[in-house]
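Participant: Quick one: the structure is below, questions incoming.
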Amino acid sequence: MDVAIVAESQTPDEPTRDIYFETKRRGLSVRYIPIQRLSVRIADGNAVVETRGGRVDASVVVIRGIGYVIDSSTFMRRVSILKILEREGTVTINPVDALLSCRNKLETIYLLSKAGVPVPPTAVTEDLYYGYITAKDMGKVVLKPIQGSRGFGAMMFEDPEQAFQVMRTLLITRNPLYIQKYVEKPNRDIRIIVVDGRPIGCMYRVSTTWKTNIAQGAVGVPCKITPELEEIAVKATNAIGLIYSGVDIGEGREGYVVFEVNASPDWRGFKQATGVNPAVHLVDYIQRILKK
Ligand SMILES: Nc1ncnc2c1ncn2[C@@H]1O[C@H](COP(=O)(O)OP(=O)(O)O)[C@@H](O)[C@H]1O
Ligand SMILES: [Mg+2]
């Protein structure tokens, strides 16, 4: 087997299907495996990752998802299996450590900031009073789930008292507080997809609300990429260690800021806006790996 694609859903999403069919089109062997079906057997000094059907012998495993509504033990099991695959010689795309850094918005913002990528001021805490003071200091703030995507669960507050009440509720339900200064921006942001160190396309996501996710109703519109945007997107991708990524960039009053980097970006809106299918570039990369 050349390629396996792993995600949680029993029915693969559009990017997964794009990668699957692009791989097949090039005459490579490929299969989709729900992550729940990945098991590991450790015996006689060997570790074998397998399904009911036998060993997972793919040279490259594309990880499109680990799961979202899962408990910490299931999460640990899935991460360990993927790491075992990696350590036993399979090439994982994206690499597991990079995937984990992206899943954790605190880790993402730290790595971006250390790499010199502009990011909004951000505080992360489990201390309600610290959160309250921070919200007061920052003025308008966004509270985001530390693990989250598609804009789900992100909330904006202009009033620190309202923020306080929600932060208290979040803490009672064991959600740490990720508090970010709101960046004043036009009714859009910029999404760039990077594959193997190269931006392959750029779009505005134009929205009627402050959240510019396509999943929140934003519409993709082509955007001309500039050398500055290109540098930010590539630097952000490399800071996390991703082979391919979707970078979210805001046009703040004082310049660009990166909101986050996505390790398994959805690309339906991107394909429509740019006419570029990221799967083609990703499978180019996979083919280069397989030839090595
Ligand atoms: N600090 C912020 N200031 C202004 N807008 C923001 C801020 N953070 C996020 N947004 C908006 O919300 C969207 C979703 O936030 P993001 O950090 O990308 O999380 P998600 O993983 O949910 O996509 C961004 O694309 C952006 O439009
Ligand atoms: Mg985003």
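For the structure tokens, the naming scheme is as follows: chains receive sequential letters (A, B, ...) according to their order of presentation, residues are indexed from 1 within each chain, and ligands are indexed from 1 in presentation order.
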Dump the neighbourhood of ligand 2 as a list in words: all residues within 10 Å, distances computed on only C-alpha atoms and all ligand atoms.

Facilitator: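 Here is the list of contacting residues: Gly148, Ser149, Arg150, Gly151, Phe152, Asp189, Arg191, Lys211, Thr212, Asn213, Ile214, Ala215, Gly246, Val247, Asp248, Ile249, Val258, Phe259, Glu260, Val261, Asn262 and Pro265 of chain A.
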
Participant: Tell me, as a list of chain:residue names, which residues lie within 8 Å of A:Lys144, counting only C-alpha atoms; anything in the same chain fewer than 4 positions away does not count.

Facilitator: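 Close residues of A:Lys144: A:Gly148, A:Gly153, A:Ala154, A:Met155, A:Leu177, A:Tyr178, A:Ile179, A:Gln180.
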
Participant: For stretch 22-25 of chain A, please output as a PyMOL selection string all residues within 8 Å (counting only C-alpha atoms; exclusion window: fewer than 6 positions along the same chain).

Facilitator: chain A and resi 3+279-280+283

Participant: Check the DSSP output for the backbone and give back, as a VMD selection string, the residues of stretch 56-282 of chain A in strand (DSSP E or B).

Facilitator: chain A and resid 60 to 63 91 to 93 122 to 125 141 to 144 155 to 157 177 to 181 188 to 195 198 to 206 219 to 222 244 to 252 255 to 262

Participant: Between A:Ile66, A:Val124, A:Val257, A:Ala218, which one has atoms that come closest to A:Glu184, using only C-alpha atoms?

Facilitator: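 Looking only at the distances to A:Glu184, the closest residue turns out to be A:Val257.
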
Participant: Can you measure atom CA of A:Asp284 to atom 25 (O, counted along the ligand's line) of ligand 1 for me? One decimal in Å is fine.

Facilitator: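 Calculated distance between atom CA of A:Asp284 and atom 25 (O, counted along the ligand's line) of ligand 1 is 28.1 Å.
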
Participant: Please provide the set of residues having any atom within 10 Å of stretch 57-59 of chain A, restricted to only C-alpha atoms, with same-chain residues fewer than 3 positions apart removed, written as a ChimeraX atom specification.

Facilitator: /A:1-5,29-31,48-50,54,62,85,89-92,286,289-290

Participant: Taking the backbone alone, and naming residues the way the document does, which bits of stretch 97-224 of chain A are alpha helix (DSSP H) by DSSP, as a ChimeraX atom specification?

Facilitator: /A:97-103,105-114,128-138,160-172

Participant: Atom CA of A:Arg37 and atom CA of A:Gln10, how far apart in Å?

Facilitator: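 Interatomic distance here is 10.1 Å.
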
Participant: Would you mind listing what lies within 7 Å of stretch 237-244 of chain A as a PyMOL selection string, with only C-alpha atoms counted and same-chain residues fewer than 5 positions away left out?

Facilitator: chain A and resi 93-95+98+101+108+111-112+115+194-196+263

Participant: What lies within 9 Å of A:Lys136 using only C-alpha atoms, ignoring chain neighbours under 5 positions off, as a count of residues only?

Facilitator: 5

Participant: For A:Glu231, work out the shell of residues within 10 Å, counting only C-alpha atoms and skipping chain neighbours fewer than 4 positions away, then give it as a PyMOL selection string.

Facilitator: chain A and resi 117+198-199+226-227+235-237

Participant: Name the closest residue to ligand 1 among the candidates A:Arg205, A:Lys181, A:Arg103, A:Arg55; distances are taken between atoms, counting only C-alpha atoms and all ligand atoms.

Facilitator: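 Answer, going by the shortest atom-to-atom distance: A:Lys181.
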
Participant: Could you please determine the separation between atom CA of A:Leu106 and atom 22 (O, counted along the ligand's line) of ligand 1 in Å, to one decimal place?

Facilitator: 13.2 Å

Participant: So, counting only C-alpha atoms and all ligand atoms, which residue among A:Leu282, A:Met156, A:Leu170, A:Cys223 is closest to ligand 1?

Facilitator: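 Closest residue, counting only C-alpha atoms and all ligand atoms: A:Met156.
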
Participant: For each of A:Pro176, A:Pro121, A:Gly269, A:Gly217, take the minimum atom-to-atom distance to ligand 1, counting only C-alpha atoms and all ligand atoms, then give the residue where this is smallest.

Facilitator: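 Of all the options, A:Pro121 lies closest to ligand 1.
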
Participant: Of the candidates A:Gln165, A:Thr134, A:Gln147, A:Ser39, which one gets nearest to ligand 1 if we count only C-alpha atoms and all ligand atoms?

Facilitator: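 Smallest distance to ligand 1 is found for A:Gln147.
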